[in-house]
Amino acid sequence: MRSTQIRSTFLDFFTSRGHRHVPSSPLIPSDPTLLLANAGMNQFKPYFLGEVTPEYPRATTIQKCARTSDIDNVGRTNRHATFFEMMGNFSFGDYFKADAIAYAWELLTQGYNLEKDRLWITVHQGDDEAEQLWRKIGVPAERIQRLGADNFWDMGVPGPCGPCSEVNYDRGPAFGRAGGPAADGERYVEIWNLVFMQSMRGEDDDNGTFRILGDLAQQSIDTGLGLDRLAAILQDVENVCSTDLLLPTLTTVQELAGRDYPGSGDEKVSFQVVSEHARSIAYLIADGVLPAKDGRGYVLRRLMRRAIRHARLLGIDQPVLAPATASVIANLGDVWPELNHQASLIEQVVAAEEESFTRTLTQGTRLLNAAITRSRDSRSTTLTGDTAFELHDTYGFPVELTIEAALDAGLTVDEDRFTALLSEQQKRAKAGGKARTAEALRRQDAYRELSSRHGRTDFTGYDRLDTEATVLGLLSDGAVVPGADQGSTLELVLDRSPFYAESGGQVGDTGTIRTSSGALLEVLDTRLGLEGFHVHTVRIREGEIRSGEQTEALVDGPRRAAVARSHSATHVLHAMLRRTLGDHARQHGSLVDAGRLRFDFAHFSAVDPAQLAAIQALVNDHLLDDPEVRIWHATRSEAEAAGATALFGEKYGDHVRIVDIGDFSRELCGGTHVPHGSNAGPVRILGEASIGSNLRRIEALTGRDALTYHDTERHLLEELSTLLGTRPQNAPDTLRKRLDALTAAQQELARLRDAELRTRAQQLAATARTVPGGRIVTEKVTGVGPDELRALAATTADLLNSDLTVVVLGTEREGKALLAAAVTRSLHDVGTQAGQILTAAARAVGGGAGGKGPVASAGGRHTGALDQALALAAKDATRVLSQ
């Protein structure tokens, strides 16, 4: 049964039984306690908690899930994956254990036709009711086992939880020992988990355990049937990578490696890791996750680097993530359209990350080799844990590679010391996080205390850039202080302020504050400490300041004007995007800064260059028409009735401020603006890109910055024209002609190179020597790369095709030993594969052989063994010919 039919069978079964089909939520959950969606129930958590009343009492989904808790098991078991589709059915206070068990049994035994006597059940050790229900449905007592923690489900964070019952499939003695799921092996595969959601768990204590806080308001059902595992059973394949969900990707990896997926061993693990992680990577990026140093971005980066590392272990030196994720998209894009929509973004992200990590590997390898040399010179047999930690922490070099390289050099790594250093770092980070949290809490308490005594900040900055004000409070490291001296950096709160506090995407104002005592303060930033409460970050340039002093606050006027230009331009850009692309292209975030802007908006595909140019022209045309910028106030409902646009993620009160620009833009906005449209331009769009699933980003320059950018481009064009010896308007045609000529020259060089290789092949053919059963050529050659080596071997064999002949060539290239073998067609026709000739030779150089048919290749790191490898290949060729 193909995966598409497995999905439809599941959904048809439950929708016919009154379940609402709810689409999968994105992998980025709305739940702040989760990095990634890790279970089908995530999007229904408010229903289980009773916080929201669902529109339907029962639901069914196929949810995209990402989990890395078992990442080290990927490839080492037949069932583990970091991404999977979880097919689930849910009851929100409707049915409970009896119906959930009955549905599962019926679907598995009748919908999927699984043999009843191969299904084993586990229940929680204290759940007598569940065991009796399974026995009543026909499962014999000897195939029901009671387990402890394995049969209690929670999300790993505070939330709904409860005992569960798992359905396991016996794959037979070929997969391991008997004994049921309690034997904990590969033979009994958990396929469906029925969670009886009835309790609420709390936070973990210092020992990593949690307690049950109490019962949920209603008993509910949450189940998860793993598509990958069920597909492996129904398609009768060994593991999830061999199902139709991942087989095309596994095939792609085999092609890149130049050899087949083995039945066991470390290479099998690497093949599966690359294939499985490629799928996770594609889905994460499609849903808006991008590589980062922490959070969900770090999860993605870890998967990418792990896949790259295992690809290198397979000898794949060319980019692997782009073709591997492309195969995921081609295979699963029809089922999950977001893969197709974000195909270009996926390709760009993985290519950039792989290029970056390849540089990391190169740099780390150089440093590691130097450390190994130092250890050998000092006659040490151990590479220090400090060295391994520095490579890991400073350069991002995987410790697994450090250990492997050390072993190849006859050294061990002090892993205990490495683990201790890593643990210390994690403890410091955790302590630092706690310290930052404590400081933030102290600061918020101080803000609340000041606010309760003095009220909101009186913002005067809409009408003027300078204001007399009183210092209400000074804060250093989150604590209130009475005063501060020259050179100090601290936070300052005024009763009145002309400084705009960062909000709505607009950056905070900067400027100066001078006190009545003569102190001069530089305002570095302004932000909201609490709603309506402005906090100024200042550095004391001269004198000292004390709470209660009178001041003169002055905003940096030119910077404020540049920010205002960008803000008004942002509104016009928003209006023109919706006019050009459709009403769906609404703002989802922005950065409004002096001379530049960044604008995020919803859209399902890339904006092509022609559209982008048209949008830029529309923006500038509307600004040149010099529309009036009008600001007015109304209730929220009045503003919405007047067609005002509210922005994504912003909070608004009952009374709002509305900004109109001409008759084409009306938005709720608290920011600062220019009085007329012509003051905002020109606008120069720099580019557009995806930042997540159906989200795009435009970056642009405004005002003087746009003009400066134009001047820079003009100067570059003039310089290019001078180099080409032509006028600026003729530069593109001249460059195109030069490139065409270069291409023709490269083609001629390639033709000459082919002719040279043929001449070398003729010379090699002349060296053929006779052995029992045929002839062989074995030579070390120079000046060729991997592809040329294969071509040279194949051409030599073609020249000797009248005889039963084997050609084996070797070369050294960039620190590697390369081998290529070719057999004549007459020899291949009787069943001889070129790969047979290179098996022992490949081992000698520390690598493996790949390729089917009359031509094969091999390579490894042991260049000093190349002569030995050629001798072994000659011996094997002689043996093959004599058979």
# chains A, B, ... in the order shown; residues from 1 in each chain; ligands from 1

call {"tool": "residues_around", "arguments": {"residues": "stretch 804-820 of chain A", "least_positions_apart": "6", "cutoff": "8 Å", "atoms": "only C-alpha atoms", "output": "PyMOL selection string"}}
result
chain A and resi 773-782+784-786+789-790+793-794+796-797+826-827+838+842+845+855-863+865-866+870+873-874+877+881

call {"tool": "residues_around", "arguments": {"residues": "stretch 696-703 of chain A", "least_positions_apart": "4", "cutoff": "8 Å", "atoms": "only C-alpha atoms", "output": "count of residues only"}}
result
28

call {"tool": "closest_residue", "arguments": {"among": "A:Leu225, A:Cys669, A:Ala869, A:Leu554", "to": "A:Trp192", "atoms": "only C-alpha atoms"}}
result
A:Leu225

call {"tool": "residues_around", "arguments": {"residues": "A:Ser375", "least_positions_apart": "6", "cutoff": "9 Å", "atoms": "only C-alpha atoms", "output": "list in words"}}
result
Thr381, Thr382, Leu383, Thr384 and Leu411 of chain A

call {"tool": "write_last_selection", "arguments": {"atoms": "N, CA and C atoms", "output": "PDB file, in the first residue's frame"}}
result
ATOM      1  N   THR A 381      49.845   9.842  23.389  1.00  0.00           N
ATOM      2  CA  THR A 381      48.889   8.977  22.671  1.00  0.00           C
ATOM      3  C   THR A 381      47.471   9.522  22.758  1.00  0.00           C
ATOM      4  N   THR A 382      47.339  10.723  23.362  1.00  0.00           N
ATOM      5  CA  THR A 382      46.004  11.292  23.601  1.00  0.00           C
ATOM      6  C   THR A 382      45.921  12.716  23.077  1.00  0.00           C
ATOM      7  N   LEU A 383      44.805  13.012  22.419  1.00  0.00           N
ATOM      8  CA  LEU A 383      44.487  14.388  22.036  1.00  0.00           C
ATOM      9  C   LEU A 383      43.675  14.982  23.182  1.00  0.00           C
ATOM     10  N   THR A 384      44.069  16.132  23.663  1.00  0.00           N
ATOM     11  CA  THR A 384      43.459  16.666  24.881  1.00  0.00           C
ATOM     12  C   THR A 384      41.990  17.023  24.673  1.00  0.00           C
ATOM     13  N   LEU A 411      45.597   7.924  17.832  1.00  0.00           N
ATOM     14  CA  LEU A 411      45.428   8.632  19.102  1.00  0.00           C
ATOM     15  C   LEU A 411      44.016   8.432  19.648  1.00  0.00           C
TER      16      LEU A 411
END

call {"tool": "residues_around", "arguments": {"residues": "A:Val471", "least_positions_apart": "4", "cutoff": "6 Å", "atoms": "only C-alpha atoms", "output": "ChimeraX atom specification"}}
result
/A:494,547-549

call {"tool": "write_last_selection", "arguments": {"atoms": "N, CA, C and O atoms", "output": "PDB file, in the first residue's frame"}}
result
ATOM      1  N   LEU A 494      11.967  59.834  32.146  1.00  0.00           N
ATOM      2  CA  LEU A 494      11.524  61.216  32.274  1.00  0.00           C
ATOM      3  C   LEU A 494      10.011  61.277  32.402  1.00  0.00           C
ATOM      4  O   LEU A 494       9.301  60.351  31.965  1.00  0.00           O
ATOM      5  N   SER A 547      18.626  61.764  40.306  1.00  0.00           N
ATOM      6  CA  SER A 547      17.174  61.668  40.139  1.00  0.00           C
ATOM      7  C   SER A 547      16.521  62.943  40.647  1.00  0.00           C
ATOM      8  O   SER A 547      16.943  63.525  41.655  1.00  0.00           O
ATOM      9  N   GLY A 548      15.505  63.413  39.941  1.00  0.00           N
ATOM     10  CA  GLY A 548      14.783  64.622  40.322  1.00  0.00           C
ATOM     11  C   GLY A 548      15.255  65.874  39.618  1.00  0.00           C
ATOM     12  O   GLY A 548      14.613  66.929  39.715  1.00  0.00           O
ATOM     13  N   GLU A 549      16.382  65.793  38.888  1.00  0.00           N
ATOM     14  CA  GLU A 549      16.911  66.968  38.196  1.00  0.00           C
ATOM     15  C   GLU A 549      16.020  67.391  37.032  1.00  0.00           C
ATOM     16  O   GLU A 549      15.321  66.573  36.426  1.00  0.00           O
TER      17      GLU A 549
END

call {"tool": "select_by_dssp", "arguments": {"residues": "stretch 227-417 of chain A", "states": "strand (DSSP E or B)", "output": "list in words"}}
result
Thr382, Leu383, Thr412 and Val413 of chain A

call {"tool": "residues_around", "arguments": {"residues": "A:Leu421", "least_positions_apart": "2", "cutoff": "12 Å", "atoms": "only C-alpha atoms", "output": "number ranges by chain"}}
result
A: 384-390, 392-393, 414-419, 423-428

call {"tool": "closest_residue", "arguments": {"among": "A:Ser199, A:Thr249, A:Gln125, A:Ser882", "to": "A:Asn151", "atoms": "only C-alpha atoms"}}
result
A:Gln125

call {"tool": "residues_around", "arguments": {"residues": "A:Asp204", "least_positions_apart": "5", "cutoff": "10 Å", "atoms": "only C-alpha atoms", "output": "JSON list (two decimals) with N, CA, C and O atoms, in the first residue's frame"}}
result
[["chain", "number", "residue", "atom", "x", "y", "z"],
["A", 156, "GLY", "N", 6.77, 16.62, 27.16],
["A", 156, "GLY", "CA", 8.10, 17.00, 27.61],
["A", 156, "GLY", "C", 8.13, 18.37, 28.26],
["A", 156, "GLY", "O", 9.16, 18.80, 28.75],
["A", 157, "VAL", "N", 7.00, 19.06, 28.28],
["A", 157, "VAL", "CA", 6.85, 20.37, 28.91],
["A", 157, "VAL", "C", 5.50, 20.37, 29.62],
["A", 157, "VAL", "O", 4.67, 19.49, 29.39],
["A", 158, "PRO", "N", 5.26, 21.33, 30.52],
["A", 158, "PRO", "CA", 3.96, 21.36, 31.21],
["A", 158, "PRO", "C", 2.81, 21.38, 30.22],
["A", 158, "PRO", "O", 2.84, 22.08, 29.21],
["A", 209, "THR", "N", 12.32, 15.32, 37.05],
["A", 209, "THR", "CA", 11.02, 14.64, 37.14],
["A", 209, "THR", "C", 9.93, 15.68, 37.34],
["A", 209, "THR", "O", 10.18, 16.82, 37.77],
["A", 210, "PHE", "N", 8.71, 15.31, 37.03],
["A", 210, "PHE", "CA", 7.58, 16.23, 37.18],
["A", 210, "PHE", "C", 6.48, 15.56, 38.01],
["A", 210, "PHE", "O", 6.48, 14.35, 38.21],
["A", 211, "ARG", "N", 5.57, 16.39, 38.46],
["A", 211, "ARG", "CA", 4.44, 15.83, 39.20],
["A", 211, "ARG", "C", 3.14, 16.18, 38.48],
["A", 211, "ARG", "O", 3.08, 17.15, 37.70]]

call {"tool": "closest_residue", "arguments": {"among": "A:Gly473, A:Gly364, A:Gly864, A:Pro291", "to": "A:Tyr395", "atoms": "only C-alpha atoms"}}
result
A:Gly364

call {"tool": "select_by_dssp", "arguments": {"residues": "stretch 161-318 of chain A", "states": "helix (DSSP H, G or I)", "output": "MDAnalysis selection string"}}
result
chainID A and resid 173:175 181:183 227:234 240:242 247:257 266:286 295:313

call {"tool": "atom_distance", "arguments": {"atom1": "atom CA of A:Arg376", "atom2": "atom CA of A:Thr394"}}
result
23.3 Å

call {"tool": "closest_residue", "arguments": {"among": "A:Ala406, A:Val538, A:Leu520, A:Leu230", "to": "A:Thr489", "atoms": "only C-alpha atoms"}}
result
A:Val538

call {"tool": "residues_around", "arguments": {"residues": "A:Pro854", "least_positions_apart": "4", "cutoff": "8 Å", "atoms": "only C-alpha atoms", "output": "VMD selection string"}}
result
chain A and resid 822 to 825 828 832 to 834

call {"tool": "write_last_selection", "arguments": {"atoms": "N, CA and C atoms", "output": "PDB file, in the first residue's frame"}}
result
ATOM      1  N   ALA A 822      38.101  -0.029 -16.081  1.00  0.00           N
ATOM      2  CA  ALA A 822      37.192  -0.212 -17.199  1.00  0.00           C
ATOM      3  C   ALA A 822      37.443  -1.583 -17.817  1.00  0.00           C
ATOM      4  N   VAL A 823      36.361  -2.230 -18.238  1.00  0.00           N
ATOM      5  CA  VAL A 823      36.492  -3.511 -18.944  1.00  0.00           C
ATOM      6  C   VAL A 823      35.923  -3.342 -20.338  1.00  0.00           C
ATOM      7  N   THR A 824      36.457  -4.092 -21.284  1.00  0.00           N
ATOM      8  CA  THR A 824      35.956  -4.010 -22.656  1.00  0.00           C
ATOM      9  C   THR A 824      34.551  -4.576 -22.729  1.00  0.00           C
ATOM     10  N   ARG A 825      33.830  -4.158 -23.767  1.00  0.00           N
ATOM     11  CA  ARG A 825      32.438  -4.605 -23.917  1.00  0.00           C
ATOM     12  C   ARG A 825      32.356  -6.129 -24.018  1.00  0.00           C
ATOM     13  N   HIS A 828      32.534  -7.369 -20.546  1.00  0.00           N
ATOM     14  CA  HIS A 828      31.333  -7.016 -19.784  1.00  0.00           C
ATOM     15  C   HIS A 828      30.146  -7.865 -20.215  1.00  0.00           C
ATOM     16  N   THR A 832      31.242  -9.627 -16.470  1.00  0.00           N
ATOM     17  CA  THR A 832      32.266  -9.011 -15.627  1.00  0.00           C
ATOM     18  C   THR A 832      31.924  -7.542 -15.377  1.00  0.00           C
ATOM     19  N   GLN A 833      31.943  -7.155 -14.098  1.00  0.00           N
ATOM     20  CA  GLN A 833      31.702  -5.769 -13.704  1.00  0.00           C
ATOM     21  C   GLN A 833      33.033  -5.130 -13.331  1.00  0.00           C
ATOM     22  N   ALA A 834      33.206  -3.881 -13.754  1.00  0.00           N
ATOM     23  CA  ALA A 834      34.468  -3.200 -13.444  1.00  0.00           C
ATOM     24  C   ALA A 834      34.678  -3.057 -11.940  1.00  0.00           C
TER      25      ALA A 834
END

call {"tool": "closest_residue", "arguments": {"among": "A:Pro29, A:Gly172, A:Gly162, A:Gly582", "to": "A:Glu238", "atoms": "only C-alpha atoms"}}
result
A:Gly172

call {"tool": "atom_distance", "arguments": {"atom1": "atom CA of A:Asp70", "atom2": "atom CA of A:Gly40"}}
result
17.8 Å

call {"tool": "atom_distance", "arguments": {"atom1": "atom CA of A:Val572", "atom2": "atom CA of A:Arg666"}}
result
9.5 Å
